[in-house]
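This is run.cif (mmCIF, C-alpha atoms).
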data_model
#
loop_
_atom_site.label_atom_id
_atom_site.label_comp_id
_atom_site.auth_asym_id
_atom_site.auth_seq_id
_atom_site.Cartn_x
_atom_site.Cartn_y
_atom_site.Cartn_z
CA MET A 15 -14.43 -24.35 7.15
CA THR A 16 -13.71 -23.57 3.50
CA ALA A 17 -11.61 -20.64 2.34
CA VAL A 18 -14.75 -18.82 1.20
CA ASP A 19 -16.37 -19.33 4.64
CA TRP A 20 -13.52 -17.95 6.74
CA ALA A 21 -12.70 -15.18 4.29
CA GLY A 22 -16.34 -14.14 4.05
CA GLN A 23 -16.82 -14.07 7.81
CA ALA A 24 -13.61 -12.13 8.32
CA PHE A 25 -14.50 -9.64 5.59
CA ALA A 26 -17.89 -9.07 7.23
CA ALA A 27 -16.18 -8.41 10.57
CA VAL A 28 -13.78 -5.87 9.05
CA ILE A 29 -16.62 -4.10 7.25
CA ASP A 30 -18.72 -4.00 10.42
CA ARG A 31 -15.71 -2.37 12.07
CA VAL A 32 -15.74 0.24 9.27
CA THR A 33 -19.28 1.22 10.25
CA VAL A 34 -18.30 1.54 13.92
CA THR A 35 -15.28 3.63 12.94
CA GLU A 36 -17.38 5.87 10.71
CA ALA A 37 -19.66 6.71 13.63
CA GLU A 38 -16.66 7.57 15.80
CA VAL A 39 -14.62 9.71 13.41
CA GLY A 40 -17.34 11.62 11.53
CA THR A 41 -15.78 13.72 8.78
CA ARG A 42 -12.22 13.16 10.04
CA PHE A 43 -9.93 10.42 8.77
CA PRO A 44 -8.85 7.50 11.01
CA LEU A 45 -5.12 6.86 11.25
CA TYR A 46 -4.46 4.28 13.97
CA ALA A 47 -6.47 2.84 16.87
CA GLU A 48 -5.49 1.85 20.39
CA PRO A 49 -5.19 -1.93 20.79
CA GLY A 50 -7.18 -1.90 24.04
CA ASP A 51 -10.36 0.07 23.43
CA GLY A 52 -10.14 0.65 19.68
CA ARG A 53 -10.18 4.45 20.02
CA TRP A 54 -8.94 6.12 16.86
CA THR A 55 -6.33 8.83 16.42
CA THR A 56 -7.60 10.87 13.49
CA THR A 57 -6.50 13.57 11.05
CA ALA A 58 -8.57 16.39 9.62
CA ARG A 59 -7.33 16.19 6.01
CA GLY A 60 -6.36 12.54 5.73
CA SER A 61 -2.58 12.85 5.40
CA TRP A 62 -1.00 10.10 3.24
CA THR A 63 -3.51 7.53 4.54
CA GLY A 64 -6.78 9.23 3.60
CA GLY A 65 -7.28 7.13 0.49
CA PHE A 66 -7.31 3.93 2.54
CA TRP A 67 -10.28 5.13 4.57
CA ALA A 68 -12.13 6.13 1.39
CA GLY A 69 -11.20 2.75 -0.09
CA LEU A 70 -12.62 0.90 2.92
CA LEU A 71 -15.87 2.81 2.53
CA TRP A 72 -16.01 1.77 -1.13
CA LEU A 73 -15.39 -1.86 -0.18
CA ARG A 74 -18.26 -1.60 2.29
CA ALA A 75 -20.50 -0.23 -0.46
CA ARG A 76 -19.55 -3.16 -2.68
CA ARG A 77 -20.58 -5.59 0.04
CA THR A 78 -23.82 -3.94 1.16
CA ARG A 79 -24.90 -2.51 -2.22
CA SER A 80 -26.49 0.27 -0.19
CA GLU A 81 -27.01 3.65 -1.82
CA GLY A 82 -26.34 5.30 1.52
CA ASP A 83 -22.99 3.54 1.82
CA ARG A 84 -22.11 4.48 -1.75
CA LEU A 85 -22.86 8.13 -1.05
CA ALA A 86 -20.80 8.03 2.16
CA ALA A 87 -17.84 6.68 0.20
CA ALA A 88 -18.29 9.30 -2.51
CA ARG A 89 -18.39 12.14 0.04
CA CYS A 90 -15.23 10.89 1.73
CA THR A 91 -13.44 10.57 -1.62
CA ALA A 92 -14.41 14.12 -2.55
CA ARG A 93 -12.72 15.35 0.64
CA LEU A 94 -9.40 14.08 -0.75
CA ALA A 95 -9.47 16.68 -3.55
CA PRO A 96 -7.16 19.23 -1.83
CA TRP A 97 -4.34 16.68 -2.11
CA VAL A 98 -4.38 16.77 -5.93
CA GLU A 99 -1.84 19.59 -6.09
CA ALA A 100 0.11 18.60 -2.96
CA ASP A 101 3.84 18.09 -3.47
CA THR A 102 4.04 14.42 -2.52
CA ALA A 103 4.48 11.09 -4.27
CA THR A 104 2.07 9.59 -1.74
CA ARG A 105 -0.67 10.92 -4.01
CA GLY A 106 -0.38 7.46 -5.52
CA LEU A 107 -1.54 5.92 -2.24
CA ILE A 108 -4.17 8.60 -1.70
CA PHE A 109 -5.80 8.67 -5.11
CA TRP A 110 -5.36 5.16 -6.42
CA TYR A 111 -6.63 3.32 -3.36
CA GLY A 112 -9.19 6.02 -2.61
CA THR A 113 -10.81 5.74 -6.04
CA ALA A 114 -9.98 2.38 -7.67
CA PRO A 115 -12.47 0.41 -5.51
CA ALA A 116 -15.27 2.87 -6.41
CA CYS A 117 -18.34 1.26 -7.89
CA GLY A 118 -18.25 2.81 -11.35
CA THR A 119 -18.57 6.33 -9.94
CA ALA A 120 -17.82 9.03 -12.48
CA GLU A 121 -16.78 11.57 -9.82
CA ALA A 122 -14.16 9.22 -8.38
CA ALA A 123 -12.82 8.48 -11.84
CA ALA A 124 -12.60 12.20 -12.62
CA LEU A 125 -10.72 12.88 -9.38
CA ARG A 126 -8.31 10.04 -10.14
CA ALA A 127 -7.68 11.50 -13.62
CA ARG A 128 -6.97 14.96 -12.18
CA ALA A 129 -4.53 13.51 -9.67
CA ALA A 130 -2.83 11.45 -12.37
CA ARG A 131 -2.24 14.52 -14.54
CA ALA A 132 -0.90 16.48 -11.57
CA CYS A 133 1.52 13.68 -10.66
CA LEU A 134 2.66 13.43 -14.27
CA ALA A 135 3.40 17.17 -14.25
CA SER A 136 5.53 16.64 -11.11
CA TYR A 137 7.93 14.25 -12.85
CA ASP A 138 11.57 15.33 -12.56
CA PRO A 139 13.49 14.11 -15.66
CA GLU A 140 16.92 14.64 -14.08
CA SER A 141 16.31 12.30 -11.17
CA GLY A 142 13.96 10.08 -13.17
CA ILE A 143 11.18 10.07 -10.57
CA VAL A 144 8.13 11.86 -9.31
CA PRO A 145 9.89 13.18 -6.18
CA TRP A 146 8.78 12.28 -2.69
CA GLY A 147 8.05 15.99 -2.31
CA ALA A 148 8.04 18.55 0.46
CA ALA A 149 4.43 18.25 1.63
CA PHE A 150 5.49 16.54 4.85
CA GLY A 151 8.70 18.53 5.36
CA GLY A 152 12.32 17.69 4.66
CA SER A 153 14.09 17.28 1.34
CA ARG A 154 11.79 16.83 -1.64
CA LEU A 155 14.23 15.04 -3.98
CA LEU A 156 13.83 11.68 -2.31
CA ALA A 157 13.05 8.26 -3.74
CA ARG A 158 11.14 6.29 -1.11
CA ALA A 159 9.58 2.87 -1.43
CA ASP A 160 6.23 4.18 -0.19
CA GLY A 161 6.22 6.70 -3.04
CA VAL A 162 5.85 3.95 -5.67
CA PRO A 163 2.72 1.83 -5.04
CA GLY A 164 -0.45 3.38 -6.36
CA LEU A 165 1.58 5.88 -8.35
CA VAL A 166 2.45 3.25 -10.98
CA PRO A 167 -1.17 2.51 -12.00
CA LEU A 168 -2.12 6.15 -11.49
CA LEU A 169 0.56 7.37 -13.91
CA ALA A 170 -0.04 4.49 -16.33
CA GLY A 171 -3.61 5.72 -16.76
CA ALA A 172 -2.71 9.38 -17.13
CA GLY A 173 -2.43 9.29 -20.92
CA GLY A 174 0.32 10.85 -23.00
CA GLU A 175 3.69 10.17 -21.40
CA GLY A 176 2.04 8.63 -18.35
CA PRO A 177 3.02 4.98 -19.05
CA ALA A 178 6.63 5.96 -19.83
CA VAL A 179 6.88 8.03 -16.65
CA ALA A 180 5.32 5.19 -14.63
CA ALA A 181 7.97 2.82 -15.98
CA ALA A 182 10.81 5.29 -15.37
CA HIS A 183 9.64 6.03 -11.83
CA LEU A 184 9.35 2.36 -10.93
CA ASN A 185 12.62 1.31 -12.56
CA ARG A 186 14.60 4.07 -10.85
CA HIS A 187 13.23 2.96 -7.49
CA LEU A 188 14.01 -0.67 -8.26
CA ASP A 189 17.56 0.20 -9.29
CA LEU A 190 18.09 1.97 -5.98
CA PHE A 191 16.20 -0.46 -3.77
CA LEU A 192 17.88 -3.60 -5.11
CA ASP A 193 21.37 -2.17 -5.54
CA THR A 194 23.35 -2.61 -2.33
CA GLU A 195 26.76 -1.77 -3.75
CA GLY A 196 28.49 1.16 -2.13
CA VAL A 197 26.33 1.19 1.02
CA GLY A 198 28.74 -0.49 3.40
CA ASN A 199 28.46 -4.01 4.73
CA ASP A 200 24.68 -3.93 5.00
CA SER A 201 23.24 -5.92 2.09
CA ARG A 202 19.61 -5.23 2.91
CA PRO A 203 17.56 -3.11 0.49
CA ARG A 204 17.57 0.61 1.19
CA PRO A 205 14.02 2.01 1.14
CA ALA A 206 15.01 5.69 0.83
CA TRP A 207 17.56 7.63 -1.23
CA GLN A 208 18.26 11.33 -1.69
CA PHE A 209 19.19 12.89 -5.02
CA ASP A 210 21.84 15.57 -5.35
CA PRO A 211 22.02 17.07 -8.86
CA ALA A 212 25.80 17.41 -8.49
CA THR A 213 26.68 14.03 -6.99
CA GLY A 214 23.76 11.73 -7.73
CA TRP A 215 21.98 9.36 -5.36
CA HIS A 216 22.87 8.76 -1.71
CA PRO A 217 21.19 6.32 0.73
CA CYS A 218 19.19 7.72 3.63
CA ASP A 219 19.25 6.42 7.18
CA THR A 220 15.47 6.51 7.58
CA PRO A 221 13.46 4.48 6.93
CA ALA A 222 16.19 2.02 7.84
CA PRO A 223 17.31 -0.95 5.73
CA GLY A 224 15.13 -3.92 6.60
CA TRP A 225 11.98 -1.81 7.07
CA SER A 226 9.21 -4.32 6.42
CA ARG A 227 6.87 -2.02 4.54
CA GLY A 228 9.64 -0.96 2.18
CA GLU A 229 9.83 -4.49 0.87
CA ALA A 230 6.06 -4.92 0.80
CA TRP A 231 5.45 -1.62 -1.03
CA MET A 232 8.00 -2.43 -3.72
CA LEU A 233 6.55 -5.89 -4.32
CA LEU A 234 3.10 -4.34 -4.69
CA ALA A 235 4.40 -1.77 -7.18
CA VAL A 236 6.05 -4.47 -9.30
CA ALA A 237 2.86 -6.54 -9.28
CA ASP A 238 0.83 -3.55 -10.44
CA ALA A 239 3.29 -2.89 -13.25
CA LEU A 240 3.19 -6.50 -14.41
CA LEU A 241 -0.60 -6.22 -14.68
CA ARG A 242 -0.32 -3.26 -17.05
CA TRP A 243 1.01 -3.79 -20.55
CA GLU A 244 1.63 -0.05 -20.95
CA VAL A 245 4.37 -0.30 -18.31
CA THR A 246 5.44 -3.93 -18.72
CA ASP A 247 6.04 -3.80 -22.48
CA ARG A 248 8.83 -1.29 -21.98
CA ARG A 249 11.01 -3.59 -19.85
CA PRO A 250 9.15 -6.85 -19.12
CA GLU A 251 12.26 -8.85 -18.31
CA ARG A 252 13.34 -6.19 -15.79
CA LEU A 253 10.09 -6.53 -13.88
CA THR A 254 10.06 -10.32 -13.71
CA LEU A 255 13.70 -10.28 -12.59
CA ALA A 256 12.85 -7.69 -9.93
CA ALA A 257 9.90 -9.76 -8.74
CA ASP A 258 12.18 -12.80 -8.44
CA GLN A 259 14.76 -10.77 -6.53
CA LEU A 260 12.18 -9.32 -4.16
CA LEU A 261 10.62 -12.71 -3.44
CA ALA A 262 14.01 -14.28 -2.78
CA ARG A 263 15.84 -11.52 -0.93
CA THR A 264 12.95 -10.56 1.32
CA GLU A 265 11.97 -14.20 1.99
CA VAL A 266 8.35 -13.42 1.14
CA LEU A 267 7.58 -17.04 0.32
CA THR A 268 9.63 -18.74 3.02
CA GLY A 269 10.10 -16.31 5.92
CA PRO A 270 7.77 -15.43 8.80
CA ILE A 271 4.21 -14.75 7.74
CA VAL A 272 4.15 -11.53 9.76
CA PRO A 273 7.56 -9.89 9.40
CA PRO A 274 9.35 -7.85 12.06
CA ASP A 275 8.94 -4.13 11.53
CA ASP A 276 12.74 -3.92 11.38
CA ALA A 277 14.74 -6.92 10.19
CA SER A 278 17.64 -5.87 12.41
CA ARG A 279 15.38 -6.37 15.44
CA PRO A 280 13.75 -9.76 14.76
CA GLN A 281 12.52 -10.02 18.37
CA GLY A 282 10.96 -6.55 18.30
CA ALA A 283 7.64 -5.33 17.01
CA VAL A 284 6.00 -7.11 14.09
CA ASP A 285 3.93 -5.41 11.40
CA THR A 286 0.68 -7.01 10.27
CA SER A 287 0.11 -4.14 7.84
CA ALA A 288 3.22 -5.19 5.91
CA ALA A 289 1.88 -8.75 5.80
CA ALA A 290 -1.50 -7.55 4.47
CA ILE A 291 0.19 -5.45 1.76
CA THR A 292 2.32 -8.45 0.80
CA ALA A 293 -0.74 -10.70 0.55
CA VAL A 294 -2.41 -8.32 -1.91
CA ALA A 295 0.81 -8.06 -3.92
CA LEU A 296 1.00 -11.86 -4.13
CA LEU A 297 -2.63 -12.13 -5.24
CA LYS A 298 -1.81 -9.72 -8.05
CA LEU A 299 1.38 -11.58 -8.97
CA ALA A 300 -0.64 -14.80 -9.14
CA ARG A 301 -2.72 -13.18 -11.89
CA ALA A 302 0.16 -11.46 -13.70
CA TRP A 303 3.05 -13.92 -13.57
CA GLU A 304 2.11 -17.43 -14.65
CA PRO A 305 5.37 -19.22 -13.65
CA ARG A 306 4.84 -18.22 -10.01
CA ALA A 307 1.03 -18.14 -9.96
CA GLU A 308 0.42 -21.18 -7.79
CA VAL A 309 3.03 -20.49 -5.14
CA CYS A 310 2.08 -16.79 -4.91
CA SER A 311 -1.62 -17.59 -4.59
CA ARG A 312 -1.02 -20.23 -1.93
CA ARG A 313 1.20 -17.94 0.13
CA ALA A 314 -1.26 -15.03 -0.16
CA VAL A 315 -4.10 -17.16 1.20
CA ALA A 316 -1.87 -18.44 4.00
CA ILE A 317 -0.98 -14.88 5.03
CA LEU A 318 -4.59 -13.71 5.02
CA ASN A 319 -5.74 -16.77 6.96
CA HIS A 320 -3.03 -16.24 9.58
CA LEU A 321 -3.90 -12.56 9.99
CA VAL A 322 -7.53 -13.50 10.53
CA GLU A 323 -6.82 -16.35 12.95
CA ALA A 324 -4.04 -14.73 14.98
CA HIS A 325 -4.45 -10.94 14.78
CA LEU A 326 -8.09 -10.04 13.99
CA THR A 327 -10.23 -9.36 17.05
CA GLY A 328 -13.47 -11.28 17.39
CA PRO A 329 -16.57 -11.31 19.57
CA GLY A 330 -15.90 -11.80 23.25
CA SER A 331 -12.33 -10.49 23.09
CA GLY A 332 -13.10 -7.45 25.21
CA ARG A 333 -12.23 -5.26 22.26
CA PRO A 334 -14.24 -4.07 19.27
CA ALA A 335 -14.50 -6.88 16.70
CA GLY A 336 -12.82 -6.63 13.32
CA MET A 337 -9.59 -4.87 14.39
CA LEU A 338 -6.38 -6.00 12.70
CA LEU A 339 -3.95 -5.62 15.61
CA ASP A 340 -0.13 -5.70 15.81
CA GLY A 341 0.48 -3.16 13.09
CA CYS A 342 3.56 -1.00 13.62
CA TYR A 343 3.40 2.59 12.43
CA ASP A 344 6.97 3.58 13.36
CA GLY A 345 8.95 1.25 15.60
CA ALA A 346 12.02 3.51 15.70
CA LYS A 347 9.94 6.30 17.23
CA GLY A 348 7.81 4.00 19.36
CA LEU A 349 4.70 5.27 17.56
CA ALA A 350 1.68 2.94 17.45
CA VAL A 351 3.72 -0.24 17.60
CA ARG A 352 0.95 -2.80 18.28
CA HIS A 353 -2.02 -0.95 16.89
CA GLU A 354 -4.77 -1.18 14.32
CA LEU A 355 -3.60 0.79 11.29
CA ILE A 356 -6.01 2.08 8.68
CA TRP A 357 -3.88 0.85 5.76
CA GLY A 358 -3.53 -2.57 7.39
CA ASP A 359 -7.32 -2.78 7.62
CA PHE A 360 -7.63 -1.71 3.99
CA PHE A 361 -5.24 -4.27 2.53
CA LEU A 362 -6.67 -7.07 4.68
CA ALA A 363 -10.16 -6.11 3.50
CA LEU A 364 -9.01 -5.88 -0.13
CA GLY A 365 -7.40 -9.33 0.00
CA LEU A 366 -10.47 -10.86 1.63
CA ALA A 367 -12.76 -9.12 -0.87
CA ALA A 368 -10.73 -10.63 -3.71
CA LEU A 369 -11.07 -14.12 -2.21
CA ASN A 370 -14.83 -13.51 -2.05
CA ASP A 371 -14.95 -12.28 -5.69
CA LEU A 372 -16.19 -8.85 -4.63
CA VAL A 373 -13.34 -7.08 -6.42
CA ASP A 374 -11.17 -7.79 -9.42
CA ILE A 375 -7.75 -7.65 -7.78
CA THR A 376 -6.12 -6.81 -11.12
CA ARG A 377 -7.97 -3.49 -11.23
CA VAL A 378 -7.64 -2.23 -7.65
#

As structure tokens:
Amino acid sequence: MTAVDWAGQAFAAVIDRVTVTEAEVGTRFPLYAEPGDGRWTTTARGSWTGGFWAGLLWLRARRTRSEGDRLAAARCTARLAPWVEADTATRGLIFWYGTAPACGTAEAAALRARAARACLASYDPESGIVPWGAAFGGSRLLARADGVPGLVPLLAGAGGEGPAVAAAHLNRHLDLFLDTEGVGNDSRPRPAWQFDPATGWHPCDTPAPGWSRGEAWMLLAVADALLRWEVTDRRPERLTLAADQLLARTEVLTGPIVPPDDASRPQGAVDTSAAAITAVALLKLARAWEPRAEVCSRRAVAILNHLVEAHLTGPGSGRPAGMLLDGCYDGAKGLAVRHELIWGDFFLALGLAALNDLVDITRV
């Protein structure tokens, strides 16, 4: 079976699962599904994951070219609007991935532009970031790895100071994530830091060092920056160095295809969603970084193929088909540790869609 054959069949299965999910959740947003019966836990407003459900609906519309599917995606995207003014850096995840796959829809583009301007207005010059924010409780002056992806391209397209703020936000996070001096004997990247105006930056205990999605999110953010001259031209050598460091230190190209959720517990839960995010990041790097194009492309395809062969449910499994299992929402809390996660589904679908030439991976 050729790469196009297996990727096309897998993409069809994931999209069919989207239609089943849509019938189950109605106007709510799916978050994670039970590995046995595929029953979804949902949220009313979407939380930080709402954009991934909207993005999956847009990917379905791209495949089916159905006006009904396009309208369903547009309605879901419109329901994300209350998050525009929310105090959270995860607006990058919500509004980039919820609108970038849209099929030339003016309303989605307008919503993305509104969100971009709101995020730009949230920039804190003293800390050098768009803060994590207080929308989900806790301290707002945090720099977290999951507050970078999506926000880089969103800010870069905001106009005015947007590209400069995108570069500042990313570079501050890279400085913190890749700098392990002064954090004890643990040399692993720290995915979260808190800013104190009097004493500067201090590492946080959660998410813990070695959190798989921290590494995957940062690689994705660097790939998106390398694809955008507005950000790259400001410090191009910094980004290529960071990409090299991330690939080497996180063993993206040589380590396990599906990483453990926590590197300190290599025999514990794995996280297929981190692998899917990494695959998309590598596909982007293959287009943005010529010296590593071949190795990144080859590894991305290997990851996607493994996820399909080993973790995607099929007919006759006793479960709904098209579920990407073995995602880990929060291993430390024991929350959804072997489940289908909506962002895992999205990044698997996005990677497969790119292999099938249904999306331009440099623009999503």

* Structure fact -> Taken to one decimal, the CA of Glu36 (chain A)-CA of Arg76 (chain A) distance is 16.3 Å

* Structure fact -> Between A:Pro96, A:Pro270, A:Gly118, A:Pro329, smallest distance to Ala132 (chain A) by all atoms listed in the file belongs to A:Pro96

* To do: Quick one: everything within 12 Å of Val236 (chain A), counting all atoms listed in the file, minus sequence neighbours fewer than 2 positions away in the same chain. Send it as number ranges by chain.
  => A: 159, 162-167, 180-181, 183-185, 187-188, 229-234, 238-242, 245-246, 249-261, 292, 294-296, 298-299, 302-303

* **Residue among A:Gly40, A:Gly174, A:Pro139, A:Pro221 lying closest to Lys347 (chain A), counting only C-alpha atoms** => A:Pro221

* **Nearest to Leu125 (chain A), chosen from A:Ser153, A:Thr33, A:Thr91, A:Ser226, with only C-alpha atoms counted in the distances** => A:Thr91

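Shell of Ala182 (chain A) at 9 Å, with only C-alpha atoms counted and residues fewer than 5 places along the chain excluded, is Gly142, Ile143, Pro177 and His187 of chain A.
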
* Asked: CA of Arg79 (chain A) to CA of Ala124 (chain A): how many Å, to one decimal?
  -> 21.8 Å

* Asked: Any idea what the distance is between CA of Phe360 (chain A) and CA of Trp207 (chain A)?
  ->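 These atoms are spaced 27.4 Å apart.
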
* Asked: Pick the closest to Val266 (chain A) from A:Ala289, A:Phe43, A:Gly358, A:Gly282: which is it, counting all atoms listed in the file?
  ->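 Between A:Ala289, A:Phe43, A:Gly358, A:Gly282, the residue approaching Val266 (chain A) most closely is A:Ala289.
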
* To do: Tell me which residues the PyMOL selection byres ((chain A and resi 327) around 12) grabs here, as a PyMOL selection string.
  => chain A and resi 24+27-28+31+49-52+321-326+328-340+353-354+359

* To do: Give me the residues within 12 Å of Pro211 (chain A) as an MDAnalysis selection string, counting only C-alpha atoms and dropping any in the same chain fewer than 6 places off.
  => chainID A and resid 138:142 155:156

* To do: Find the residue from A:Pro115, A:Gly228, A:Pro217, A:Gly345 that sits nearest to Arg279 (chain A); use only C-alpha atoms when measuring.
  =>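 For Arg279 (chain A), the nearest of the given residues is A:Gly345.
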
* Asked: Looking at all atoms listed in the file, which of A:Tyr137, A:Phe109, A:Gln23, A:Asp30 is the one that sits closest to Glu175 (chain A)?
  ->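 Distance minimum relative to Glu175 (chain A) lands on A:Tyr137.
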
* Would you list the contacts of Arg352 (chain A) as a PyMOL selection string, taking every protein, DNA or RNA residue within 9 Å and counting all atoms listed in the file, but skipping same-chain residues closer than 5 positions in sequence? => chain A and resi 48-49+283-285+339-343

* Would you kindly translate the PyMOL selection byres ((chain A and resi 364) around 10) into the concrete residues it picks from this file, as number ranges by chain? => A: 25, 69-70, 73, 115, 290-291, 293-294, 358-363, 365-370, 372-375, 378

* Check which residues satisfy the PyMOL selection byres ((chain A and resi 42) around 9) in the file shown, then give them as a ChimeraX atom specification. => /A:36,39-41,43-44,56-60

* Using only C-alpha atoms, can you list as an MDAnalysis selection string the residues within 6 Å of (-6.0, 3.9, 15.2)? -> chainID A and resid 45:48 54:55 354:355
